[in-house]
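protein_24.cif (mmCIF, C-alpha atoms)
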```
data_my_file
#
loop_
_atom_site.group_PDB
_atom_site.id
_atom_site.type_symbol
_atom_site.label_atom_id
_atom_site.label_comp_id
_atom_site.auth_asym_id
_atom_site.auth_seq_id
_atom_site.Cartn_x
_atom_site.Cartn_y
_atom_site.Cartn_z
ATOM 1 C CA MET A 255 5.219 18.651 5.094
ATOM 2 C CA SER A 256 5.063 17.914 8.777
ATOM 3 C CA VAL A 257 3.319 14.898 10.227
ATOM 4 C CA LEU A 258 0.863 15.277 13.079
ATOM 5 C CA LEU A 259 1.238 12.853 15.964
ATOM 6 C CA VAL A 260 -2.097 12.910 17.735
ATOM 7 C CA SER A 261 -1.877 11.941 21.380
ATOM 8 C CA CYS A 262 -4.434 13.788 23.498
ATOM 9 C CA LYS A 263 -5.831 11.512 26.208
ATOM 10 C CA THR A 264 -9.379 11.727 27.451
ATOM 11 C CA ASP A 265 -11.030 10.295 30.526
ATOM 12 C CA THR A 266 -10.522 6.519 30.460
ATOM 13 C CA SER A 267 -13.609 5.717 32.504
ATOM 14 C CA THR A 268 -16.556 3.983 30.892
ATOM 15 C CA ASN A 269 -18.633 7.175 31.086
ATOM 16 C CA LYS A 270 -16.530 8.960 28.472
ATOM 17 C CA ILE A 271 -17.312 12.309 26.943
ATOM 18 C CA PHE A 272 -16.971 12.214 23.156
ATOM 19 C CA LYS A 273 -16.019 15.653 21.913
ATOM 20 C CA ASN A 274 -16.524 17.018 18.388
ATOM 21 C CA THR A 275 -19.888 15.248 18.150
ATOM 22 C CA THR A 276 -23.450 16.228 18.896
ATOM 23 C CA PRO A 277 -25.963 14.262 20.967
ATOM 24 C CA LEU A 278 -27.940 13.421 17.814
ATOM 25 C CA ASP A 279 -24.860 11.872 16.258
ATOM 26 C CA ILE A 280 -24.132 9.532 19.149
ATOM 27 C CA VAL A 281 -26.221 6.746 20.560
ATOM 28 C CA LYS A 282 -24.338 4.715 23.166
ATOM 29 C CA ASP A 283 -25.044 2.205 25.868
ATOM 30 C CA SER A 284 -25.821 4.189 29.014
ATOM 31 C CA ILE A 285 -24.126 1.551 31.176
ATOM 32 C CA THR A 286 -20.898 0.731 29.353
ATOM 33 C CA GLY A 287 -20.405 3.928 27.350
ATOM 34 C CA TYR A 288 -19.756 1.941 24.156
ATOM 35 C CA PHE A 289 -21.854 2.137 20.989
ATOM 36 C CA PHE A 290 -22.039 -1.657 20.778
ATOM 37 C CA ASN A 291 -22.203 -4.771 22.922
ATOM 38 C CA THR A 292 -18.584 -5.388 23.874
ATOM 39 C CA GLU A 293 -19.198 -8.997 24.898
ATOM 40 C CA ILE A 294 -20.614 -9.814 21.482
ATOM 41 C CA LEU A 295 -17.717 -7.995 19.798
ATOM 42 C CA LEU A 296 -15.208 -10.203 21.618
ATOM 43 C CA GLU A 297 -17.295 -13.328 21.051
ATOM 44 C CA ASP A 298 -17.284 -12.708 17.295
ATOM 45 C CA VAL A 299 -13.495 -12.347 17.208
ATOM 46 C CA LYS A 300 -13.159 -15.538 19.248
ATOM 47 C CA ASN A 301 -15.510 -17.438 16.952
ATOM 48 C CA LEU A 302 -14.037 -16.249 13.658
ATOM 49 C CA SER A 303 -10.500 -17.038 14.821
ATOM 50 C CA SER A 304 -11.363 -20.481 16.190
ATOM 51 C CA ASP A 305 -10.035 -23.700 14.667
ATOM 52 C CA THR A 306 -13.508 -24.352 13.250
ATOM 53 C CA PHE A 307 -12.797 -21.908 10.440
ATOM 54 C CA GLU A 308 -9.415 -23.484 9.622
ATOM 55 C CA GLY A 309 -7.677 -20.167 9.023
ATOM 56 C CA ARG A 310 -10.254 -18.908 6.484
ATOM 57 C CA ARG A 311 -8.004 -19.340 3.451
ATOM 58 C CA THR A 312 -9.635 -18.271 0.194
ATOM 59 C CA GLY A 313 -11.459 -21.083 -1.560
ATOM 60 C CA THR A 314 -11.468 -23.496 1.383
ATOM 61 C CA LYS A 315 -14.213 -24.984 3.532
ATOM 62 C CA GLY A 316 -13.146 -22.661 6.354
ATOM 63 C CA ALA A 317 -13.588 -19.626 4.109
ATOM 64 C CA ALA A 318 -17.069 -20.798 3.167
ATOM 65 C CA LEU A 319 -17.968 -21.168 6.849
ATOM 66 C CA ALA A 320 -16.650 -17.647 7.535
ATOM 67 C CA LYS A 321 -18.627 -16.273 4.585
ATOM 68 C CA ASN A 322 -21.833 -17.770 5.968
ATOM 69 C CA TYR A 323 -21.019 -16.439 9.442
ATOM 70 C CA VAL A 324 -20.639 -12.904 8.101
ATOM 71 C CA ILE A 325 -23.803 -13.059 6.000
ATOM 72 C CA ASP A 326 -25.832 -14.430 8.917
ATOM 73 C CA HIS A 327 -24.616 -11.628 11.166
ATOM 74 C CA PHE A 328 -25.269 -8.919 8.584
ATOM 75 C CA THR A 329 -28.789 -10.256 8.079
ATOM 76 C CA SER A 330 -29.559 -10.409 11.797
ATOM 77 C CA LEU A 331 -28.303 -6.828 12.223
ATOM 78 C CA GLY A 332 -30.524 -5.408 9.487
ATOM 79 C CA VAL A 333 -27.866 -5.013 6.803
ATOM 80 C CA LYS A 334 -29.308 -5.522 3.306
ATOM 81 C CA PRO A 335 -27.468 -7.075 0.345
ATOM 82 C CA LEU A 336 -25.831 -4.456 -1.852
ATOM 83 C CA ASN A 337 -27.181 -6.206 -4.932
ATOM 84 C CA ASN A 338 -29.534 -9.170 -5.204
ATOM 85 C CA THR A 339 -27.237 -11.153 -2.947
ATOM 86 C CA PHE A 340 -24.537 -10.460 -0.386
ATOM 87 C CA GLU A 341 -22.073 -12.456 -2.472
ATOM 88 C CA GLN A 342 -19.826 -11.045 -5.182
ATOM 89 C CA SER A 343 -18.071 -14.074 -6.634
ATOM 90 C CA PHE A 344 -14.885 -13.866 -8.690
ATOM 91 C CA SER A 345 -11.961 -16.039 -9.725
ATOM 92 C CA PHE A 346 -8.268 -15.396 -10.218
ATOM 93 C CA SER A 347 -5.058 -17.275 -10.820
ATOM 94 C CA ASP A 348 -2.101 -17.318 -8.426
ATOM 95 C CA LYS A 349 -0.217 -20.548 -9.190
ATOM 96 C CA LYS A 350 -3.706 -22.121 -9.066
ATOM 97 C CA ILE A 351 -7.249 -21.041 -9.746
ATOM 98 C CA TYR A 352 -8.997 -19.521 -6.741
ATOM 99 C CA ASN A 353 -12.749 -19.083 -6.454
ATOM 100 C CA ALA A 354 -13.354 -16.208 -4.072
ATOM 101 C CA VAL A 355 -16.331 -14.321 -2.670
ATOM 102 C CA ASN A 356 -16.648 -10.759 -1.428
ATOM 103 C CA ILE A 357 -19.520 -10.090 0.979
ATOM 104 C CA LEU A 358 -21.252 -6.775 0.332
ATOM 105 C CA GLY A 359 -24.067 -5.232 2.337
ATOM 106 C CA VAL A 360 -25.604 -1.779 2.595
ATOM 107 C CA ILE A 361 -27.293 0.513 5.088
ATOM 108 C CA ASN A 362 -29.257 3.292 3.407
ATOM 109 C CA GLY A 363 -28.386 6.822 4.431
ATOM 110 C CA ARG A 364 -30.971 9.262 5.756
ATOM 111 C CA GLU A 365 -29.685 12.396 3.996
ATOM 112 C CA LYS A 366 -26.879 12.029 1.451
ATOM 113 C CA THR A 367 -28.525 9.195 -0.426
ATOM 114 C CA ASP A 368 -26.514 9.653 -3.620
ATOM 115 C CA LYS A 369 -23.149 9.041 -1.899
ATOM 116 C CA TYR A 370 -21.580 5.963 -0.355
ATOM 117 C CA ILE A 371 -18.960 5.375 2.321
ATOM 118 C CA VAL A 372 -17.372 1.921 2.214
ATOM 119 C CA ILE A 373 -16.371 0.395 5.554
ATOM 120 C CA SER A 374 -14.158 -2.610 4.905
ATOM 121 C CA ALA A 375 -12.201 -5.464 6.443
ATOM 122 C CA HIS A 376 -10.975 -8.755 4.976
ATOM 123 C CA TYR A 377 -12.303 -12.064 6.238
ATOM 124 C CA ASP A 378 -9.710 -14.359 4.670
ATOM 125 C CA HIS A 379 -6.435 -15.410 6.272
ATOM 126 C CA GLU A 380 -3.547 -17.845 5.774
ATOM 127 C CA GLY A 381 -5.340 -21.152 6.332
ATOM 128 C CA ILE A 382 -3.404 -24.269 7.354
ATOM 129 C CA LYS A 383 0.342 -24.586 6.792
ATOM 130 C CA ASN A 384 2.431 -27.581 7.788
ATOM 131 C CA GLY A 385 -0.435 -28.852 9.878
ATOM 132 C CA LYS A 386 -0.797 -25.626 11.863
ATOM 133 C CA ILE A 387 -3.886 -23.416 11.713
ATOM 134 C CA TYR A 388 -3.266 -19.720 11.179
ATOM 135 C CA ASN A 389 -6.368 -18.359 12.877
ATOM 136 C CA GLY A 390 -5.790 -14.647 12.244
ATOM 137 C CA ALA A 391 -7.517 -13.175 15.293
ATOM 138 C CA ASP A 392 -5.957 -9.751 14.839
ATOM 139 C CA ASP A 393 -5.505 -10.260 11.094
ATOM 140 C CA ASP A 394 -8.351 -9.727 10.415
ATOM 141 C CA ALA A 395 -11.094 -11.251 12.522
ATOM 142 C CA SER A 396 -10.753 -8.035 14.520
ATOM 143 C CA GLY A 397 -11.747 -5.898 11.527
ATOM 144 C CA VAL A 398 -14.635 -8.132 10.478
ATOM 145 C CA SER A 399 -16.084 -8.177 13.983
ATOM 146 C CA ALA A 400 -15.839 -4.385 14.010
ATOM 147 C CA LEU A 401 -18.086 -4.363 10.926
ATOM 148 C CA PHE A 402 -20.759 -6.038 13.051
ATOM 149 C CA ALA A 403 -20.273 -3.401 15.759
ATOM 150 C CA PHE A 404 -20.822 -0.699 13.126
ATOM 151 C CA ALA A 405 -24.017 -2.425 11.983
ATOM 152 C CA GLU A 406 -25.235 -2.632 15.579
ATOM 153 C CA TYR A 407 -24.572 1.085 16.013
ATOM 154 C CA PHE A 408 -26.366 1.996 12.762
ATOM 155 C CA ALA A 409 -29.445 0.042 13.817
ATOM 156 C CA LYS A 410 -30.039 2.737 16.444
ATOM 157 C CA ASN A 411 -28.340 5.635 14.695
ATOM 158 C CA PRO A 412 -28.701 5.485 10.883
ATOM 159 C CA PRO A 413 -25.875 7.224 8.979
ATOM 160 C CA LYS A 414 -26.337 10.285 6.785
ATOM 161 C CA HIS A 415 -24.455 8.698 3.877
ATOM 162 C CA ASN A 416 -25.259 5.307 2.445
ATOM 163 C CA VAL A 417 -22.806 2.832 3.951
ATOM 164 C CA ILE A 418 -21.482 -0.242 2.168
ATOM 165 C CA PHE A 419 -20.158 -3.010 4.390
ATOM 166 C CA ALA A 420 -17.407 -4.848 2.503
ATOM 167 C CA ALA A 421 -15.939 -8.051 3.903
ATOM 168 C CA PHE A 422 -13.310 -8.685 1.269
ATOM 169 C CA ASP A 423 -11.860 -12.037 0.292
ATOM 170 C CA ALA A 424 -8.317 -12.796 -0.898
ATOM 171 C CA GLU A 425 -6.576 -9.862 0.763
ATOM 172 C CA GLU A 426 -3.747 -12.191 1.756
ATOM 173 C CA LEU A 427 -3.340 -13.198 -1.899
ATOM 174 C CA GLY A 428 -2.741 -9.691 -3.201
ATOM 175 C CA LEU A 429 -5.784 -7.577 -2.258
ATOM 176 C CA LYS A 430 -7.723 -9.368 -4.977
ATOM 177 C CA GLY A 431 -11.176 -8.898 -3.464
ATOM 178 C CA ALA A 432 -10.845 -5.160 -2.972
ATOM 179 C CA TYR A 433 -9.518 -4.609 -6.481
ATOM 180 C CA HIS A 434 -12.317 -6.710 -7.938
ATOM 181 C CA PHE A 435 -14.904 -4.658 -6.074
ATOM 182 C CA VAL A 436 -13.475 -1.292 -7.078
ATOM 183 C CA GLU A 437 -12.901 -2.270 -10.708
ATOM 184 C CA ASN A 438 -16.296 -3.944 -11.192
ATOM 185 C CA ASN A 439 -18.712 -1.626 -9.452
ATOM 186 C CA ILE A 440 -20.880 0.934 -11.175
ATOM 187 C CA LEU A 441 -20.823 3.106 -8.050
ATOM 188 C CA THR A 442 -17.068 3.498 -8.457
ATOM 189 C CA LYS A 443 -17.399 4.440 -12.112
ATOM 190 C CA ARG A 444 -20.009 7.065 -11.260
ATOM 191 C CA ARG A 445 -17.817 8.447 -8.473
ATOM 192 C CA ASN A 446 -20.579 7.801 -5.943
ATOM 193 C CA ILE A 447 -18.142 6.241 -3.474
ATOM 194 C CA VAL A 448 -16.657 9.162 -1.572
ATOM 195 C CA LEU A 449 -14.665 7.460 1.203
ATOM 196 C CA ASN A 450 -13.239 4.125 2.314
ATOM 197 C CA LEU A 451 -12.545 3.342 5.959
ATOM 198 C CA ASN A 452 -10.505 0.140 6.054
ATOM 199 C CA MET A 453 -9.763 -1.856 9.207
ATOM 200 C CA ASP A 454 -7.000 -4.465 9.182
ATOM 201 C CA MET A 455 -5.391 -5.510 12.495
ATOM 202 C CA ILE A 456 -6.926 -3.294 15.169
ATOM 203 C CA SER A 457 -6.961 -5.455 18.310
ATOM 204 C CA ARG A 458 -3.501 -5.297 19.888
ATOM 205 C CA SER A 459 -0.514 -3.015 20.233
ATOM 206 C CA GLU A 460 2.332 -3.141 22.737
ATOM 207 C CA LYS A 461 2.447 0.655 22.733
ATOM 208 C CA GLN A 462 -1.362 0.926 22.519
ATOM 209 C CA GLN A 463 -1.032 2.843 19.255
ATOM 210 C CA LEU A 464 -3.644 2.831 16.510
ATOM 211 C CA PHE A 465 -2.459 4.374 13.268
ATOM 212 C CA ALA A 466 -4.639 6.338 10.862
ATOM 213 C CA VAL A 467 -3.172 6.372 7.359
ATOM 214 C CA GLY A 468 -4.324 8.394 4.368
ATOM 215 C CA THR A 469 -4.877 11.975 5.450
ATOM 216 C CA SER A 470 -1.729 13.282 3.776
ATOM 217 C CA HIS A 471 -3.138 12.053 0.466
ATOM 218 C CA TYR A 472 -6.592 13.521 1.140
ATOM 219 C CA PRO A 473 -6.191 16.701 3.237
ATOM 220 C CA ILE A 474 -9.947 17.203 3.694
ATOM 221 C CA LEU A 475 -9.808 14.230 6.075
ATOM 222 C CA LYS A 476 -6.885 15.445 8.181
ATOM 223 C CA PRO A 477 -8.630 17.851 10.613
ATOM 224 C CA THR A 478 -11.005 15.138 11.810
ATOM 225 C CA ILE A 479 -8.135 12.827 12.731
ATOM 226 C CA ALA A 480 -5.726 15.525 13.899
ATOM 227 C CA ASN A 481 -8.247 17.077 16.300
ATOM 228 C CA PHE A 482 -9.681 13.832 17.590
ATOM 229 C CA LYS A 483 -9.494 13.312 21.334
ATOM 230 C CA ASP A 484 -8.218 9.867 22.237
ATOM 231 C CA ILE A 485 -10.648 7.371 23.722
ATOM 232 C CA GLY A 486 -9.666 5.041 26.554
ATOM 233 C CA VAL A 487 -6.280 3.388 26.207
ATOM 234 C CA VAL A 488 -5.935 3.994 22.462
ATOM 235 C CA ASP A 489 -3.289 6.443 21.272
ATOM 236 C CA LEU A 490 -4.432 7.513 17.791
ATOM 237 C CA LEU A 491 -1.559 8.584 15.540
ATOM 238 C CA ILE A 492 -1.205 9.897 12.006
ATOM 239 C CA ASP A 493 1.833 8.229 10.427
ATOM 240 C CA HIS A 494 2.982 5.576 7.924
ATOM 241 C CA GLU A 495 2.004 7.849 5.032
ATOM 242 C CA GLY A 496 5.365 8.061 3.304
ATOM 243 C CA LEU A 497 6.374 11.321 4.991
ATOM 244 C CA THR A 498 8.586 9.921 7.750
ATOM 245 C CA LYS A 499 11.091 7.105 8.101
ATOM 246 C CA ALA A 500 8.261 4.782 9.078
ATOM 247 C CA ASP A 501 7.100 2.233 6.519
ATOM 248 C CA ASP A 502 4.521 3.606 4.076
ATOM 249 C CA TRP A 503 1.226 1.735 4.513
ATOM 250 C CA SER A 504 -0.656 3.568 1.779
ATOM 251 C CA PHE A 505 -0.888 0.349 -0.242
ATOM 252 C CA ALA A 506 -0.590 -2.157 2.600
ATOM 253 C CA SER A 507 -4.149 -3.491 2.656
ATOM 254 C CA ASP A 508 -7.485 -3.316 0.840
ATOM 255 C CA HIS A 509 -7.606 0.482 0.921
ATOM 256 C CA ALA A 510 -4.960 0.396 -1.828
ATOM 257 C CA ALA A 511 -7.624 -0.409 -4.411
ATOM 258 C CA PHE A 512 -9.579 2.702 -3.455
ATOM 259 C CA HIS A 513 -6.474 4.864 -3.331
ATOM 260 C CA LYS A 514 -5.460 3.722 -6.810
ATOM 261 C CA ALA A 515 -8.918 4.762 -8.022
ATOM 262 C CA LYS A 516 -8.435 8.172 -6.339
ATOM 263 C CA ILE A 517 -11.128 7.471 -3.764
ATOM 264 C CA PRO A 518 -10.215 8.991 -0.376
ATOM 265 C CA PHE A 519 -9.411 6.486 2.345
ATOM 266 C CA VAL A 520 -8.346 6.160 5.941
ATOM 267 C CA TYR A 521 -6.727 2.911 6.983
ATOM 268 C CA PHE A 522 -6.806 1.950 10.646
ATOM 269 C CA GLY A 523 -4.221 -0.571 11.822
ATOM 270 C CA VAL A 524 -1.501 -1.397 14.315
ATOM 271 C CA ALA A 525 2.180 -2.135 13.934
ATOM 272 C CA ASP A 526 3.236 -5.707 13.204
ATOM 273 C CA HIS A 527 3.587 -7.829 16.326
ATOM 274 C CA GLU A 528 5.264 -11.136 17.147
ATOM 275 C CA ASP A 529 2.198 -13.151 16.094
ATOM 276 C CA TYR A 530 1.705 -11.411 12.741
ATOM 277 C CA HIS A 531 1.200 -14.120 10.091
ATOM 278 C CA GLU A 532 2.019 -16.785 12.656
ATOM 279 C CA PRO A 533 -0.166 -19.641 13.950
ATOM 280 C CA THR A 534 -0.120 -17.873 17.333
ATOM 281 C CA ASP A 535 -2.348 -15.004 16.160
ATOM 282 C CA ASP A 536 -5.121 -16.326 18.407
ATOM 283 C CA PHE A 537 -7.946 -14.732 20.352
ATOM 284 C CA GLU A 538 -6.087 -15.215 23.630
ATOM 285 C CA ASN A 539 -3.359 -12.848 22.441
ATOM 286 C CA ILE A 540 -5.467 -9.822 21.554
ATOM 287 C CA ASP A 541 -5.710 -6.893 23.971
ATOM 288 C CA GLN A 542 -9.405 -6.820 24.788
ATOM 289 C CA GLN A 543 -9.456 -3.326 26.289
ATOM 290 C CA PHE A 544 -7.411 -1.841 23.462
ATOM 291 C CA TYR A 545 -9.647 -3.538 20.912
ATOM 292 C CA LYS A 546 -12.902 -2.282 22.406
ATOM 293 C CA ASP A 547 -11.510 1.247 22.580
ATOM 294 C CA ALA A 548 -10.142 0.995 19.025
ATOM 295 C CA VAL A 549 -13.558 0.073 17.639
ATOM 296 C CA GLN A 550 -15.148 2.873 19.664
ATOM 297 C CA THR A 551 -12.536 5.249 18.238
ATOM 298 C CA ILE A 552 -13.179 4.249 14.625
ATOM 299 C CA ILE A 553 -16.964 4.497 14.933
ATOM 300 C CA SER A 554 -16.600 7.920 16.582
ATOM 301 C CA ILE A 555 -14.400 9.093 13.731
ATOM 302 C CA PHE A 556 -16.922 7.794 11.221
ATOM 303 C CA THR A 557 -19.654 9.945 12.788
ATOM 304 C CA GLN A 558 -17.540 13.012 12.137
ATOM 305 C CA PHE A 559 -16.733 12.062 8.546
ATOM 306 C CA ASP A 560 -20.441 11.378 8.033
ATOM 307 C CA ASN A 561 -21.101 15.052 8.789
ATOM 308 C CA LEU A 562 -18.657 16.305 6.153
ATOM 309 C CA ASP A 563 -19.504 17.281 2.590
ATOM 310 C CA LEU A 564 -17.400 14.546 1.018
#
```
Take the structure I supplied and represent it as structure tokens, if you would.
Amino acid sequence: MSVLLVSCKTDTSTNKIFKNTTPLDIVKDSITGYFFNTEILLEDVKNLSSDTFEGRRTGTKGAALAKNYVIDHFTSLGVKPLNNTFEQSFSFSDKKIYNAVNILGVINGREKTDKYIVISAHYDHEGIKNGKIYNGADDDASGVSALFAFAEYFAKNPPKHNVIFAAFDAEELGLKGAYHFVENNILTKRRNIVLNLNMDMISRSEKQQLFAVGTSHYPILKPTIANFKDIGVVDLLIDHEGLTKADDWSFASDHAAFHKAKIPFVYFGVADHEDYHEPTDDFENIDQQFYKDAVQTIISIFTQFDNLDL
């Protein structure tokens, strides 16, 4: 099977034309061309990756602060708790007992109200090691802040499917939060979850490449990605699916839990960089233009998946 490398550039000006969508599917800022406030997007990444949150390691004070930050933002953006509360608490053992919390919200769909798309990112990171704070700006404050951008977009343009926002805990400790969600959710057992879009490290790339992983496993998703016209500086590529010499990322992040349960997924991420899992993964080192265009790309792709009969 051949692998499609998608690299069709569009106009990089702020007044972009988004093809393969209809006017009713897109609501964007008439000044910037983005579907969200880019200044707030960057501010959220900066805040979540600041020393205040102490690296957001599962079970720590910093993780609790990050949890509250996410819940406050979901609430202010009109996201409702998936259940009676945003919090899905769980515990696990990994040399010690960890008490972890997934954060789960929902936006009700306007048409396909019996089906759910999960948009996910993990809010935990490596914490403090040898006195150094591992702030995880790219990994994965970038994905969590993108969840807020999605919520901002949905406030003006409600999705057709129900959308679950999942800010998973304990990804760095073995994808524990995602597996707990998938294995302990009645929606999964009823097969009501039809797609997972997972974002983990989407804010910087030396080659300005954003990879989409998963379409070789779920061919119904491939045309949307393969025919997508690149936005801004982002070069969207299909790869890392086990079909080339590149590393296979099919189980590299929280989407693995969905894939194992045979739920279609697309994972959006960049190649490892010099600050990956280092204390230098700070806000100052992200590529702000690439990040804004990456989030715009992922939301645009969502609008097309939302139109499919999944």
**Prompt:** Near A:Ala409, within 8 Å and counting all atoms listed in the file, which residues show up once chain neighbours fewer than 4 positions away are dropped, as JSON, numbers by chain?
**Reply:** {"A": [331, 332, 405]}
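Picture a line from atom CA of A:Arg364 to atom CA of A:Pro412; it runs 6.8 Å.
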**Request:** Check the smallest atom-to-atom distance from each of A:Gln550, A:Val299, A:Tyr323, A:Gly313 to A:Asp484 using all atoms listed in the file, then report the winner.
**Result:** A:Gln550
**Request:** Name the residues in contact with stretch 465-475 of chain A at a cut-off of 8 Å, using all atoms listed in the file, excluding same-chain residues fewer than 4 positions from it; report them as a PyMOL selection string.
**Result:** chain A and resi 479+490-495+503-504+518-524+559
**Request:** Measure the distance from atom CA of A:Tyr407 to atom CA of A:Asp526 in Å and round it to one decimal.
**Result:**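 Between atom CA of A:Tyr407 and atom CA of A:Asp526 the gap is 28.8 Å.
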**Prompt:** So which residues touch A:Asn322 within 12 Å, counting only C-alpha atoms, skipping near sequence neighbours fewer than 3 positions away, as an NGL selection string?
**Reply:** :A and (302 or 307 or 310 or 315-319 or 325-329 or 340-341 or 355-357 or 377 or 421)
**Prompt:** Which residue, A:Asp394, A:Glu308, A:Glu528, A:Asp368, has the smallest gap to A:His415 when you use only C-alpha atoms?
**Reply:**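 Closest residue, counting only C-alpha atoms: A:Asp368.
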